[in-house]
Amino acid sequence: MATRYISWALGAAVLLGATNLTAQESAKDQPDNPEVVGLTLKGVKAVEPSELQQSIATEASHCNGLILTPFCWISKSPAIYKHNYLDRTELRRDVLRIRVFYWKRGYRETTVDTTITPKAGGVAVTFAIKEGPPTLVRKIAVGPENDVLNAKDIRTALAVKTGKPLNLLQLDTSLLNLSNKLWDRGYADAIVRTDTIVVDDSTHWADLSILVEPRWKATIGEIRVAGNDRVSETTIRNSLVMHPGELYRRAEVIESQRNLYESQLFRHAAIVVPPQGDSVKLIEVTVQEAPLRDARISGGFNTVDFVQLEGRFQHFNFLGGARQLDVQGAIGNLFAPQLNNRLIFKDVFSSTKSELSAFERPTWQASANIRQPWFQSARNTIGFGLFAHRRSQPPVYIDRGEGASATFTRELSPRTPASAVYRFEFTKIEAGDLYFCVYYGVCDRETITAQQHAQRLSPLALTAQIDRTNEAFSPTKGILGHVSIEHANGYTASDYRYARADADVAVYRQLGGQRNVLALHVRAGIVRPIGDDALHPRKRFYAGGSQSVRGYGENQLGPRALTVPAEKLATLFGCDPAPTTIARCDPNGRVAQKDSLGNYFPGKSGLEARDFTPRPLGGTGVVEGSVEYRFPVWRELTGAAFVDAGVVGSAGLANLASGHGAATPGVGIRYRSPVGPIRVDVAFNPAIAEDMWVYTERANAKGQLELVKLSEKYHYVPPPGILNRLTFHFSIGEAF
């Protein structure tokens, strides 16, 4: 028999009115309001259990946060532990809530029983749910036909699908999507509603009919501004991308409101249309101003930069016109000598003696930027800045620089900016003897010192970004991408001449529940010097680390060289560590041993892998890819299983197979904190043996330390043991 439902309210009333509640208590002597020490949902298959649990009032007692869990094992103090007690009235209502929850999602015959059983310290509540068969959508009719929406528009707008359960939430989403598509075409007064829903209870099929009437196009008549005091009305109007006489479109309303919020001049900004009026709309822009200045100091730590401090001052209406002044300063690498290779901090530096102190010193950066939004258009922004820095890429190089930049940005569409950036900088490589020794062929101290003088690094870059993700910290769906092209030569006033391009794309897709996410990440880049110029190490590509191939430490995947102390080489049989002969020492040789007569002879073993320090050199091409499955574990805890792969080499992208590459699987755990996910990852490194050039450090005739390249490569075999092949990373934020 077919039943016709005219409204959802009537359907819900029928359901709630017909509900028969049962509560079976296995213990009759329980107090009226015992503590709920356990809560179980049985039979839940078609919906997300965590989402269903959030829809009911009954809740088990629990610790106030994951971090406090160890303390909750010791004490159940209300300061750290939340005690929840049984409310029998709410329990009966929860049965109704569960049935309504399922009914809205197409399961109209769901039944629920409750069981209350005694448990140490209170009771355990069990909801036994029989979901029943779903009512499936057999046919969806959208009409009458019109020239505004085509078949593709309708298909992409419908969240409810044929052959799937009659989900009323998805039906509401479908109506909203259709209305928004019409509004984006100027039909702001269109009528979109459910016409009929015919449900056959015997076969569990449903036929839907959706009425769509575009009616007339709406235009903007007058725009009024209210609520401003210190911010001029002209500044507010400049942020709007809609103007009188134009079509009244939803996308432009949203973009205008976003511009107002992103100016940070307002606590609240609303763009509303009064109920009266017809096809000509009166627009009211109402704002509530925020403080025009902001200053803050923050700190943190990670396993690469150790302890960091940052300060920032912002003026959001500097000299009027929503012009933003942003002054920032940061210092990092604090307590590096004390923390390196201790506790959670790995050996980051691995440097030769002459460079160790340089890498351990604090890094810093400072900048002052002025940004003028709405330059000639609400979609344009120009900016100018001054900057200086001392940055470290241990153990590759230390980079000092100061200069200025100019930027022009055009918002191609919401959250899709494209920029042209010119950056003029004086830079010098403060440390990194190995870089000069390998890529310049210069290993003596005097020549390296000469090469470290300041040079100009002044590229012209074009960049574009797209952000279609649904969350800032932990996206569950959408796409996030970035592409950049750089060029530097004499025409851009640069001493370094090169061409560089790179792209980075991440895609997120929900699987099953809302927190089950499949995340894919791809990165590719290539850089080429122009002529015989060497590349600045900052412009080379590196891989490995917490946001790259996680089976490796920071920058450790790719071309590398080995450094070894001269004292270790001196233990080899036949090695003469004198400055003029040490280059002929064979790093693969046997360690010298002494017999009873004081004569030396080659021993049974040579130097071990731990005696050598791998030093990343970077490459001119890179390709990376990651697949990560993220899933809920418990409350704010989520887990992840991933496989990262990457290749870094000195050939073009087409010939990267000859480069250095690896694939590293791993697992991780994340805690969803207010500042972003706190992440711990462990990955397996299937490193294999390879031959690498070896460098050592030796004092020259003037007593200065300089690098010496050995004439033989070393056959580097990673240390054995499963623990030596595991790499741990601790950081804040998702890997991508």
# chains A, B, ... in the order shown; residues from 1 in each chain; ligands from 1
$ select_by_dssp --residues "range 320-560 of chain A" --states "alpha helix (DSSP H)" --output "PyMOL selection string"
chain A and resi 336-339+353-360+433-439+445-451
$ closest_atom_pairs --of "range 223-333 of chain A" --to "range 357-374 of chain A" --cutoff "10 Å" --atoms "only C-alpha atoms" --output "tab-separated table"
residue	atom	partner	partner_atom	distance
A:Thr235	CA	A:Trp374	CA	8.9
A:Arg237	CA	A:Trp374	CA	9.9
A:Asn238	CA	A:Trp374	CA	6.2
A:Ser239	CA	A:Trp374	CA	6.3
A:Leu240	CA	A:Trp374	CA	9.0
A:Val241	CA	A:Trp374	CA	9.6
A:Asn259	CA	A:Pro373	CA	9.1
A:Glu262	CA	A:Pro373	CA	9.9
A:Ser263	CA	A:Pro373	CA	8.1
A:Asp305	CA	A:Thr363	CA	8.6
A:Phe306	CA	A:Pro362	CA	9.9
A:Val307	CA	A:Pro362	CA	9.7
A:Gln308	CA	A:Thr363	CA	9.2
A:Leu309	CA	A:Trp364	CA	9.5
A:Glu310	CA	A:Gln365	CA	9.5
A:Gly311	CA	A:Ala366	CA	9.6
A:Arg312	CA	A:Ser367	CA	9.7
A:Phe313	CA	A:Ala368	CA	9.5
A:Gln314	CA	A:Asn369	CA	9.7
A:His315	CA	A:Ile370	CA	9.5
A:Phe316	CA	A:Arg371	CA	9.4
A:Asn317	CA	A:Gln372	CA	9.7
A:Phe318	CA	A:Ile370	CA	8.6
A:Gly320	CA	A:Gln372	CA	10.0
A:Gly321	CA	A:Gln372	CA	7.8
A:Ala322	CA	A:Pro373	CA	6.9
A:Arg323	CA	A:Gln372	CA	4.7
A:Gln324	CA	A:Arg371	CA	5.1
A:Leu325	CA	A:Ile370	CA	4.7
A:Asp326	CA	A:Asn369	CA	5.2
A:Val327	CA	A:Ala368	CA	4.4
A:Gln328	CA	A:Ser367	CA	5.4
A:Gly329	CA	A:Ala366	CA	4.3
A:Ala330	CA	A:Gln365	CA	5.4
A:Ile331	CA	A:Trp364	CA	4.2
A:Gly332	CA	A:Thr363	CA	5.0
A:Asn333	CA	A:Pro362	CA	4.7
$ closest_residue --among "A:Arg515, A:His729, A:Arg615, A:Lys709" --to "Thr638 in chain A" --atoms "only C-alpha atoms"
A:Arg515
$ select_by_dssp --residues "range 231-317 of chain A" --states "strand (DSSP E or B)" --output "ChimeraX atom specification"
/A:247,266-272,280-289,293-302,306-315
$ residues_around --residues "Phe408 in chain A" --least-positions-apart "4" --cutoff "12 Å" --atoms "only C-alpha atoms" --output "ChimeraX atom specification"
/A:371-376,379-384,417-423,460-464
$ residues_around --residues "Thr427 in chain A" --least-positions-apart "6" --cutoff "12 Å" --atoms "only C-alpha atoms" --output "tab-separated table (two decimals) with C-alpha atoms, in the first residue's frame"
chain	number	residue	atom	x	y	z
A	387	PHE	CA	62.93	41.13	5.65
A	388	ALA	CA	66.07	39.67	7.17
A	389	HIS	CA	66.85	36.18	8.37
A	390	ARG	CA	69.35	33.61	9.50
A	391	ARG	CA	67.91	30.21	8.59
A	398	ILE	CA	73.03	28.10	6.96
A	399	ASP	CA	71.55	30.93	4.95
A	400	ARG	CA	71.66	34.62	5.85
A	401	GLY	CA	69.80	37.23	3.87
A	402	GLU	CA	68.12	40.61	3.84
A	403	GLY	CA	66.10	42.38	1.22
A	404	ALA	CA	62.70	43.57	0.01
A	451	GLN	CA	82.46	32.12	-2.00
A	452	GLN	CA	80.49	32.91	1.14
A	453	HIS	CA	80.42	36.65	0.43
A	454	ALA	CA	76.97	38.17	-0.08
A	455	GLN	CA	75.43	37.71	-3.52
A	456	ARG	CA	72.12	38.76	-5.03
A	457	LEU	CA	69.27	36.27	-5.20
A	458	SER	CA	66.42	38.04	-6.99
A	494	SER	CA	70.30	38.31	-9.65
A	495	ASP	CA	73.80	36.82	-9.35
A	496	TYR	CA	72.23	33.37	-9.14
A	536	HIS	CA	71.74	28.40	-4.22
A	537	PRO	CA	71.16	25.49	-1.78
A	538	ARG	CA	67.76	26.95	-0.85
$ atom_distance --atom1 "CA of Gly598 in chain A" --atom2 "CA of Thr581 in chain A"
23.7 Å
$ atom_distance --atom1 "CA of Asn180 in chain A" --atom2 "CA of Ile223 in chain A"
21.5 Å
$ decode --residues "range 556-589 of chain A" --atoms "N, CA, C and O atoms" --output "tab-separated table (two decimals), in the first residue's frame"
chain	number	residue	atom	x	y	z
A	556	GLN	N	66.95	13.72	4.49
A	556	GLN	CA	67.90	12.62	4.35
A	556	GLN	C	67.62	11.71	3.15
A	556	GLN	O	68.38	10.77	2.92
A	557	LEU	N	66.56	11.95	2.41
A	557	LEU	CA	66.32	11.18	1.18
A	557	LEU	C	66.83	11.98	0.00
A	557	LEU	O	66.43	13.12	-0.21
A	558	GLY	N	67.69	11.36	-0.79
A	558	GLY	CA	68.24	12.05	-1.95
A	558	GLY	C	69.75	11.93	-1.98
A	558	GLY	O	70.36	11.19	-1.20
A	559	PRO	N	70.39	12.65	-2.91
A	559	PRO	CA	71.86	12.61	-2.98
A	559	PRO	C	72.48	12.99	-1.64
A	559	PRO	O	72.11	13.98	-1.03
A	560	ARG	N	73.46	12.17	-1.23
A	560	ARG	CA	74.13	12.41	0.04
A	560	ARG	C	75.62	12.13	-0.10
A	560	ARG	O	76.06	11.43	-1.01
A	561	ALA	N	76.37	12.70	0.82
A	561	ALA	CA	77.78	12.37	0.97
A	561	ALA	C	77.99	11.99	2.43
A	561	ALA	O	77.12	12.22	3.28
A	562	LEU	N	79.13	11.38	2.71
A	562	LEU	CA	79.46	10.96	4.07
A	562	LEU	C	80.60	11.80	4.62
A	562	LEU	O	81.53	12.15	3.89
A	563	THR	N	80.52	12.13	5.89
A	563	THR	CA	81.64	12.74	6.57
A	563	THR	C	82.10	11.79	7.66
A	563	THR	O	81.29	11.07	8.26
A	564	VAL	N	83.40	11.78	7.91
A	564	VAL	CA	83.98	10.91	8.92
A	564	VAL	C	85.12	11.67	9.60
A	564	VAL	O	85.89	12.37	8.93
A	565	PRO	N	85.25	11.59	10.90
A	565	PRO	CA	86.35	12.27	11.57
A	565	PRO	C	87.70	11.69	11.15
A	565	PRO	O	87.84	10.48	10.92
A	566	ALA	N	88.69	12.56	11.04
A	566	ALA	CA	90.03	12.09	10.69
A	566	ALA	C	90.56	11.11	11.72
A	566	ALA	O	91.33	10.20	11.38
A	567	GLU	N	90.14	11.25	12.98
A	567	GLU	CA	90.61	10.34	14.02
A	567	GLU	C	90.14	8.91	13.75
A	567	GLU	O	90.85	7.95	14.09
A	568	LYS	N	88.94	8.76	13.15
A	568	LYS	CA	88.47	7.43	12.81
A	568	LYS	C	89.27	6.84	11.66
A	568	LYS	O	89.62	5.65	11.66
A	569	LEU	N	89.58	7.66	10.66
A	569	LEU	CA	90.39	7.17	9.53
A	569	LEU	C	91.77	6.73	10.00
A	569	LEU	O	92.35	5.78	9.47
A	570	ALA	N	92.30	7.41	11.01
A	570	ALA	CA	93.64	7.09	11.49
A	570	ALA	C	93.73	5.69	12.08
A	570	ALA	O	94.83	5.14	12.21
A	571	THR	N	92.58	5.10	12.43
A	571	THR	CA	92.60	3.74	12.99
A	571	THR	C	92.68	2.67	11.91
A	571	THR	O	92.81	1.49	12.23
A	572	LEU	N	92.57	3.05	10.61
A	572	LEU	CA	92.61	2.08	9.52
A	572	LEU	C	94.04	1.66	9.23
A	572	LEU	O	94.98	2.47	9.28
A	573	PHE	N	94.23	0.41	8.88
A	573	PHE	CA	95.56	-0.11	8.55
A	573	PHE	C	96.05	0.53	7.24
A	573	PHE	O	95.33	0.54	6.23
A	574	GLY	N	97.26	1.07	7.26
A	574	GLY	CA	97.86	1.67	6.08
A	574	GLY	C	97.42	3.08	5.79
A	574	GLY	O	97.80	3.65	4.77
A	575	CYS	N	96.59	3.69	6.65
A	575	CYS	CA	96.13	5.06	6.43
A	575	CYS	C	97.09	6.04	7.07
A	575	CYS	O	97.39	5.94	8.27
A	576	ASP	N	97.57	6.97	6.27
A	576	ASP	CA	98.43	8.04	6.78
A	576	ASP	C	97.58	9.30	6.89
A	576	ASP	O	97.21	9.90	5.89
A	577	PRO	N	97.23	9.73	8.13
A	577	PRO	CA	96.31	10.86	8.29
A	577	PRO	C	96.96	12.22	8.10
A	577	PRO	O	96.35	13.23	8.45
A	578	ALA	N	98.15	12.26	7.54
A	578	ALA	CA	98.78	13.55	7.29
A	578	ALA	C	97.96	14.34	6.28
A	578	ALA	O	97.31	13.76	5.40
A	579	PRO	N	97.96	15.68	6.36
A	579	PRO	CA	97.12	16.48	5.45
A	579	PRO	C	97.34	16.19	3.98
A	579	PRO	O	96.42	16.27	3.17
A	580	THR	N	98.58	15.83	3.59
A	580	THR	CA	98.87	15.62	2.16
A	580	THR	C	98.54	14.23	1.68
A	580	THR	O	98.47	13.99	0.47
A	581	THR	N	98.33	13.29	2.59
A	581	THR	CA	98.11	11.89	2.18
A	581	THR	C	96.78	11.32	2.64
A	581	THR	O	96.42	10.21	2.24
A	582	ILE	N	96.03	12.03	3.47
A	582	ILE	CA	94.81	11.46	4.04
A	582	ILE	C	93.77	11.16	2.97
A	582	ILE	O	92.95	10.25	3.14
A	583	ALA	N	93.81	11.86	1.84
A	583	ALA	CA	92.83	11.62	0.77
A	583	ALA	C	92.95	10.21	0.19
A	583	ALA	O	92.01	9.71	-0.41
A	584	ARG	N	94.15	9.57	0.36
A	584	ARG	CA	94.36	8.24	-0.22
A	584	ARG	C	93.92	7.13	0.75
A	584	ARG	O	94.02	5.96	0.41
A	585	CYS	N	93.45	7.46	1.91
A	585	CYS	CA	92.96	6.46	2.85
A	585	CYS	C	91.70	5.79	2.30
A	585	CYS	O	90.81	6.46	1.77
A	586	ASP	N	91.65	4.47	2.44
A	586	ASP	CA	90.50	3.71	1.95
A	586	ASP	C	89.48	3.55	3.07
A	586	ASP	O	89.74	2.84	4.05
A	587	PRO	N	88.32	4.18	2.96
A	587	PRO	CA	87.33	4.07	4.05
A	587	PRO	C	86.78	2.67	4.23
A	587	PRO	O	86.15	2.38	5.25
A	588	ASN	N	86.98	1.79	3.23
A	588	ASN	CA	86.51	0.41	3.33
A	588	ASN	C	87.56	-0.52	3.93
A	588	ASN	O	87.32	-1.72	4.03
A	589	GLY	N	88.73	0.03	4.28
A	589	GLY	CA	89.82	-0.80	4.78
A	589	GLY	C	89.56	-1.37	6.16
A	589	GLY	O	88.58	-1.03	6.83
